[in-house]
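Asks: Mind having a look at this structure? Questions to follow.
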Amino acid sequence: MAEKVDVMAAEVTITQFDQGARGEYHAKVEGSDVIGRLTYSQKGDILTADHTLVPPEIGGRGVAAKLVEALIADARKMGYKIVPQCSYVEAAFRRNPDWADLRA
């Protein structure tokens, strides 16, 4: 019998995949093969966050928030601005007024 993993307490690893004008952040939850994603497009120093998807199998653990936090941290480090086209990212900007300087 397979051992059941408590994904609620599992570690989340965020990885960025940069493909030139497009990119993605992937969230991998320890003990699960399911991946959460935040996709974006890039034009110059502007990142347009266009989609966030966290499958139900790994939902409810703050995975989407961790994806957005990775985007924010990288934008700050690289001097980029963000267009929050995705409704989740837009809501995250509203909840975090200290991110206002990153809004394009």
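Ordering of the structure tokens sets the chain letters (A, B, ...); residue numbers start at 1 within each chain; ligands are numbered from 1 in the order shown.
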Do a neighbour search on Gln16 in chain A at 12 Å with only C-alpha atoms, toss out local chain neighbours closer than 3 positions, and write the hits as a VMD selection string.
Replies: chain A and resid 13 19 22 to 28 36 to 40 67 to 68 70 to 71 73 to 74
Asks: Produce a file of the selected residues containing N, CA and C atoms, as an mmCIF file, in the first residue's frame.
Replies:
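Result went into again12.cif, see below:
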```
data_model
loop_
_atom_site.group_PDB
_atom_site.id
_atom_site.type_symbol
_atom_site.label_atom_id
_atom_site.label_comp_id
_atom_site.auth_asym_id
_atom_site.auth_seq_id
_atom_site.Cartn_x
_atom_site.Cartn_y
_atom_site.Cartn_z
ATOM 1 N N THR A 13 8.091 24.145 -3.634
ATOM 2 C CA THR A 13 9.273 24.639 -4.335
ATOM 3 C C THR A 13 8.825 25.397 -5.578
ATOM 4 N N GLN A 19 11.334 31.772 -21.097
ATOM 5 C CA GLN A 19 11.385 31.354 -22.500
ATOM 6 C C GLN A 19 11.393 32.573 -23.417
ATOM 7 N N ARG A 22 8.020 34.868 -23.162
ATOM 8 C CA ARG A 22 7.039 34.217 -22.279
ATOM 9 C C ARG A 22 7.787 33.503 -21.165
ATOM 10 N N GLY A 23 7.093 33.277 -20.083
ATOM 11 C CA GLY A 23 7.710 32.546 -18.981
ATOM 12 C C GLY A 23 6.656 32.001 -18.046
ATOM 13 N N GLU A 24 7.097 31.147 -17.144
ATOM 14 C CA GLU A 24 6.204 30.538 -16.164
ATOM 15 C C GLU A 24 6.939 30.350 -14.849
ATOM 16 N N TYR A 25 6.176 30.431 -13.781
ATOM 17 C CA TYR A 25 6.630 29.975 -12.475
ATOM 18 C C TYR A 25 5.866 28.691 -12.199
ATOM 19 N N HIS A 26 6.574 27.660 -11.755
ATOM 20 C CA HIS A 26 5.947 26.386 -11.404
ATOM 21 C C HIS A 26 6.067 26.185 -9.898
ATOM 22 N N ALA A 27 4.998 25.700 -9.300
ATOM 23 C CA ALA A 27 4.991 25.352 -7.880
ATOM 24 C C ALA A 27 4.849 23.848 -7.766
ATOM 25 N N LYS A 28 5.826 23.223 -7.155
ATOM 26 C CA LYS A 28 5.820 21.772 -6.941
ATOM 27 C C LYS A 28 5.663 21.531 -5.453
ATOM 28 N N GLY A 36 1.433 23.686 -9.922
ATOM 29 C CA GLY A 36 0.728 24.958 -10.030
ATOM 30 C C GLY A 36 1.540 25.866 -10.932
ATOM 31 N N ARG A 37 0.864 26.782 -11.633
ATOM 32 C CA ARG A 37 1.565 27.640 -12.602
ATOM 33 C C ARG A 37 1.091 29.091 -12.528
ATOM 34 N N LEU A 38 2.021 29.986 -12.763
ATOM 35 C CA LEU A 38 1.722 31.388 -13.028
ATOM 36 C C LEU A 38 2.441 31.702 -14.329
ATOM 37 N N THR A 39 1.701 32.137 -15.347
ATOM 38 C CA THR A 39 2.309 32.438 -16.643
ATOM 39 C C THR A 39 2.367 33.950 -16.854
ATOM 40 N N TYR A 40 3.351 34.369 -17.634
ATOM 41 C CA TYR A 40 3.512 35.790 -17.923
ATOM 42 C C TYR A 40 4.136 35.974 -19.300
ATOM 43 N N LEU A 67 3.409 31.611 -5.669
ATOM 44 C CA LEU A 67 3.752 31.897 -7.065
ATOM 45 C C LEU A 67 3.838 33.407 -7.291
ATOM 46 N N VAL A 68 2.848 34.145 -6.790
ATOM 47 C CA VAL A 68 2.840 35.605 -6.964
ATOM 48 C C VAL A 68 4.009 36.234 -6.206
ATOM 49 N N ALA A 70 6.898 34.978 -5.675
ATOM 50 C CA ALA A 70 8.112 34.749 -6.464
ATOM 51 C C ALA A 70 8.197 35.756 -7.613
ATOM 52 N N LEU A 71 7.075 35.998 -8.282
ATOM 53 C CA LEU A 71 7.022 36.999 -9.353
ATOM 54 C C LEU A 71 7.405 38.377 -8.815
ATOM 55 N N ALA A 73 9.139 39.161 -6.071
ATOM 56 C CA ALA A 73 10.550 39.198 -5.659
ATOM 57 C C ALA A 73 11.466 39.348 -6.868
ATOM 58 N N ASP A 74 11.185 38.606 -7.933
ATOM 59 C CA ASP A 74 12.022 38.697 -9.131
ATOM 60 C C ASP A 74 11.875 40.054 -9.814
#
```
Asks: Near Asn96 in chain A, counting only C-alpha atoms, which residues have an atom at most 12 Å away, once you skip same-chain residues fewer than 4 positions from it, shown as number ranges by chain?
Replies: A: 65, 68-69, 72, 89-92, 100-103
Asks: Give me every helix (DSSP H, G or I) residue in chain A, going by DSSP on the backbone, as a PyMOL selection string.
Replies: chain A and resi 56-58+63-78+87-95+97-102
Asks: Could the residues in this selection be written to a file with N, CA and C atoms, as an mmCIF file, in the first residue's frame?
Replies:
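This is the output file out-v9.cif:
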```
data_model
loop_
_atom_site.group_PDB
_atom_site.id
_atom_site.type_symbol
_atom_site.label_atom_id
_atom_site.label_comp_id
_atom_site.auth_asym_id
_atom_site.auth_seq_id
_atom_site.Cartn_x
_atom_site.Cartn_y
_atom_site.Cartn_z
ATOM 1 N N PRO A 56 -6.901 21.574 -7.981
ATOM 2 C CA PRO A 56 -7.537 21.285 -6.685
ATOM 3 C C PRO A 56 -6.714 20.360 -5.787
ATOM 4 N N GLU A 57 -5.949 19.461 -6.389
ATOM 5 C CA GLU A 57 -5.160 18.509 -5.598
ATOM 6 C C GLU A 57 -4.149 19.187 -4.678
ATOM 7 N N ILE A 58 -3.702 20.385 -5.051
ATOM 8 C CA ILE A 58 -2.725 21.092 -4.221
ATOM 9 C C ILE A 58 -3.251 22.455 -3.771
ATOM 10 N N VAL A 63 -0.447 28.041 -2.359
ATOM 11 C CA VAL A 63 0.435 27.839 -3.508
ATOM 12 C C VAL A 63 0.370 29.030 -4.461
ATOM 13 N N ALA A 64 -0.828 29.511 -4.768
ATOM 14 C CA ALA A 64 -0.963 30.660 -5.678
ATOM 15 C C ALA A 64 -0.261 31.887 -5.104
ATOM 16 N N ALA A 65 -0.407 32.105 -3.808
ATOM 17 C CA ALA A 65 0.261 33.245 -3.170
ATOM 18 C C ALA A 65 1.775 33.120 -3.290
ATOM 19 N N LYS A 66 2.300 31.915 -3.137
ATOM 20 C CA LYS A 66 3.747 31.710 -3.261
ATOM 21 C C LYS A 66 4.220 31.971 -4.691
ATOM 22 N N LEU A 67 3.409 31.611 -5.669
ATOM 23 C CA LEU A 67 3.752 31.897 -7.065
ATOM 24 C C LEU A 67 3.838 33.407 -7.291
ATOM 25 N N VAL A 68 2.848 34.145 -6.790
ATOM 26 C CA VAL A 68 2.840 35.605 -6.964
ATOM 27 C C VAL A 68 4.009 36.234 -6.206
ATOM 28 N N GLU A 69 4.291 35.747 -5.007
ATOM 29 C CA GLU A 69 5.414 36.285 -4.238
ATOM 30 C C GLU A 69 6.739 36.092 -4.971
ATOM 31 N N ALA A 70 6.898 34.978 -5.675
ATOM 32 C CA ALA A 70 8.112 34.749 -6.464
ATOM 33 C C ALA A 70 8.197 35.756 -7.613
ATOM 34 N N LEU A 71 7.075 35.998 -8.282
ATOM 35 C CA LEU A 71 7.022 36.999 -9.353
ATOM 36 C C LEU A 71 7.405 38.377 -8.815
ATOM 37 N N ILE A 72 6.834 38.752 -7.682
ATOM 38 C CA ILE A 72 7.106 40.059 -7.071
ATOM 39 C C ILE A 72 8.589 40.185 -6.710
ATOM 40 N N ALA A 73 9.139 39.161 -6.071
ATOM 41 C CA ALA A 73 10.550 39.198 -5.659
ATOM 42 C C ALA A 73 11.466 39.348 -6.868
ATOM 43 N N ASP A 74 11.185 38.606 -7.933
ATOM 44 C CA ASP A 74 12.022 38.697 -9.131
ATOM 45 C C ASP A 74 11.875 40.054 -9.814
ATOM 46 N N ALA A 75 10.657 40.584 -9.864
ATOM 47 C CA ALA A 75 10.439 41.904 -10.473
ATOM 48 C C ALA A 75 11.222 42.971 -9.711
ATOM 49 N N ARG A 76 11.191 42.909 -8.393
ATOM 50 C CA ARG A 76 11.953 43.872 -7.580
ATOM 51 C C ARG A 76 13.455 43.754 -7.860
ATOM 52 N N LYS A 77 13.939 42.526 -7.882
ATOM 53 C CA LYS A 77 15.371 42.278 -8.084
ATOM 54 C C LYS A 77 15.831 42.758 -9.463
ATOM 55 N N MET A 78 14.993 42.567 -10.489
ATOM 56 C CA MET A 78 15.372 42.896 -11.860
ATOM 57 C C MET A 78 14.970 44.308 -12.286
ATOM 58 N N SER A 87 -6.738 37.837 -12.720
ATOM 59 C CA SER A 87 -7.561 38.333 -11.610
ATOM 60 C C SER A 87 -6.955 38.000 -10.245
ATOM 61 N N TYR A 88 -6.296 36.858 -10.118
ATOM 62 C CA TYR A 88 -5.680 36.510 -8.831
ATOM 63 C C TYR A 88 -4.525 37.466 -8.517
ATOM 64 N N VAL A 89 -3.695 37.745 -9.511
ATOM 65 C CA VAL A 89 -2.563 38.655 -9.305
ATOM 66 C C VAL A 89 -3.077 40.067 -9.016
ATOM 67 N N GLU A 90 -4.126 40.491 -9.702
ATOM 68 C CA GLU A 90 -4.737 41.802 -9.438
ATOM 69 C C GLU A 90 -5.222 41.878 -7.990
ATOM 70 N N ALA A 91 -5.900 40.841 -7.524
ATOM 71 C CA ALA A 91 -6.388 40.814 -6.137
ATOM 72 C C ALA A 91 -5.218 40.842 -5.152
ATOM 73 N N ALA A 92 -4.133 40.156 -5.479
ATOM 74 C CA ALA A 92 -2.949 40.155 -4.613
ATOM 75 C C ALA A 92 -2.347 41.559 -4.523
ATOM 76 N N PHE A 93 -2.334 42.298 -5.628
ATOM 77 C CA PHE A 93 -1.857 43.685 -5.611
ATOM 78 C C PHE A 93 -2.744 44.537 -4.703
ATOM 79 N N ARG A 94 -4.054 44.333 -4.760
ATOM 80 C CA ARG A 94 -4.965 45.110 -3.903
ATOM 81 C C ARG A 94 -4.745 44.787 -2.422
ATOM 82 N N ARG A 95 -4.411 43.536 -2.115
ATOM 83 C CA ARG A 95 -4.177 43.130 -0.719
ATOM 84 C C ARG A 95 -2.811 43.586 -0.201
ATOM 85 N N PRO A 97 -0.652 46.768 -0.633
ATOM 86 C CA PRO A 97 -0.382 48.115 -1.156
ATOM 87 C C PRO A 97 1.105 48.438 -1.265
ATOM 88 N N ASP A 98 1.952 47.717 -0.533
ATOM 89 C CA ASP A 98 3.395 47.954 -0.627
ATOM 90 C C ASP A 98 3.976 47.479 -1.958
ATOM 91 N N TRP A 99 3.162 46.832 -2.785
ATOM 92 C CA TRP A 99 3.598 46.421 -4.121
ATOM 93 C C TRP A 99 3.259 47.479 -5.181
ATOM 94 N N ALA A 100 2.605 48.559 -4.799
ATOM 95 C CA ALA A 100 2.111 49.558 -5.761
ATOM 96 C C ALA A 100 3.218 50.080 -6.678
ATOM 97 N N ASP A 101 4.433 50.171 -6.168
ATOM 98 C CA ASP A 101 5.541 50.682 -6.981
ATOM 99 C C ASP A 101 5.910 49.749 -8.128
ATOM 100 N N LEU A 102 5.434 48.510 -8.088
ATOM 101 C CA LEU A 102 5.738 47.544 -9.147
ATOM 102 C C LEU A 102 4.679 47.507 -10.238
#
```
Asks: As a PyMOL selection string, please: every residue in chain A that DSSP puts in strand (DSSP E or B).
Replies: chain A and resi 12-19+22-29+35-43+46-53+81-84+103
Asks: Write the residues you've just listed into a file as a PDB file, in the first residue's frame, and include C-alpha atoms for each of them.
Replies:
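The resulting result_9.pdb:
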```pdb
ATOM      1  CA  VAL A  12       6.424  24.048  -1.867  1.00  0.00           C
ATOM      2  CA  THR A  13       9.273  24.639  -4.335  1.00  0.00           C
ATOM      3  CA  ILE A  14       8.956  27.464  -6.878  1.00  0.00           C
ATOM      4  CA  THR A  15      10.938  27.325 -10.134  1.00  0.00           C
ATOM      5  CA  GLN A  16      11.001  29.921 -12.921  1.00  0.00           C
ATOM      6  CA  PHE A  17      11.110  28.932 -16.587  1.00  0.00           C
ATOM      7  CA  ASP A  18      12.093  31.879 -18.798  1.00  0.00           C
ATOM      8  CA  GLN A  19      11.385  31.354 -22.500  1.00  0.00           C
ATOM      9  CA  ARG A  22       7.039  34.217 -22.279  1.00  0.00           C
ATOM     10  CA  GLY A  23       7.710  32.546 -18.981  1.00  0.00           C
ATOM     11  CA  GLU A  24       6.204  30.538 -16.164  1.00  0.00           C
ATOM     12  CA  TYR A  25       6.630  29.975 -12.475  1.00  0.00           C
ATOM     13  CA  HIS A  26       5.947  26.386 -11.404  1.00  0.00           C
ATOM     14  CA  ALA A  27       4.991  25.352  -7.880  1.00  0.00           C
ATOM     15  CA  LYS A  28       5.820  21.772  -6.941  1.00  0.00           C
ATOM     16  CA  VAL A  29       4.364  20.465  -3.695  1.00  0.00           C
ATOM     17  CA  ILE A  35       2.154  21.483 -10.688  1.00  0.00           C
ATOM     18  CA  GLY A  36       0.728  24.958 -10.030  1.00  0.00           C
ATOM     19  CA  ARG A  37       1.565  27.640 -12.602  1.00  0.00           C
ATOM     20  CA  LEU A  38       1.722  31.388 -13.028  1.00  0.00           C
ATOM     21  CA  THR A  39       2.309  32.438 -16.643  1.00  0.00           C
ATOM     22  CA  TYR A  40       3.512  35.790 -17.923  1.00  0.00           C
ATOM     23  CA  SER A  41       4.692  37.580 -21.028  1.00  0.00           C
ATOM     24  CA  GLN A  42       7.583  40.029 -21.104  1.00  0.00           C
ATOM     25  CA  LYS A  43       8.136  43.106 -23.221  1.00  0.00           C
ATOM     26  CA  ILE A  46       7.225  44.946 -18.264  1.00  0.00           C
ATOM     27  CA  LEU A  47       5.898  41.574 -17.114  1.00  0.00           C
ATOM     28  CA  THR A  48       2.229  40.880 -17.840  1.00  0.00           C
ATOM     29  CA  ALA A  49       0.996  38.225 -15.411  1.00  0.00           C
ATOM     30  CA  ASP A  50      -1.777  36.612 -17.450  1.00  0.00           C
ATOM     31  CA  HIS A  51      -2.779  33.375 -15.719  1.00  0.00           C
ATOM     32  CA  THR A  52      -2.494  31.597 -12.379  1.00  0.00           C
ATOM     33  CA  LEU A  53      -3.618  27.976 -12.075  1.00  0.00           C
ATOM     34  CA  LYS A  81       7.093  46.456 -13.541  1.00  0.00           C
ATOM     35  CA  ILE A  82       4.047  44.180 -13.578  1.00  0.00           C
ATOM     36  CA  VAL A  83       0.705  44.366 -15.377  1.00  0.00           C
ATOM     37  CA  PRO A  84      -1.607  42.190 -13.244  1.00  0.00           C
ATOM     38  CA  ARG A 103       2.476  48.150 -10.997  1.00  0.00           C
TER      39      ARG A 103
END
```
Asks: Rounded to one decimal in Å, what is the spacing between CA of Gly59 in chain A and CA of Gly20 in chain A?
Replies: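 Value for the CA of Gly59 in chain A-CA of Gly20 in chain A distance: 28.8 Å.
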Asks: In Å, with one decimal, what is the gap from CA of Val34 in chain A to CA of Cys86 in chain A?
Replies: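 Spanning CA of Val34 in chain A to CA of Cys86 in chain A is a straight-line distance of 20.9 Å.
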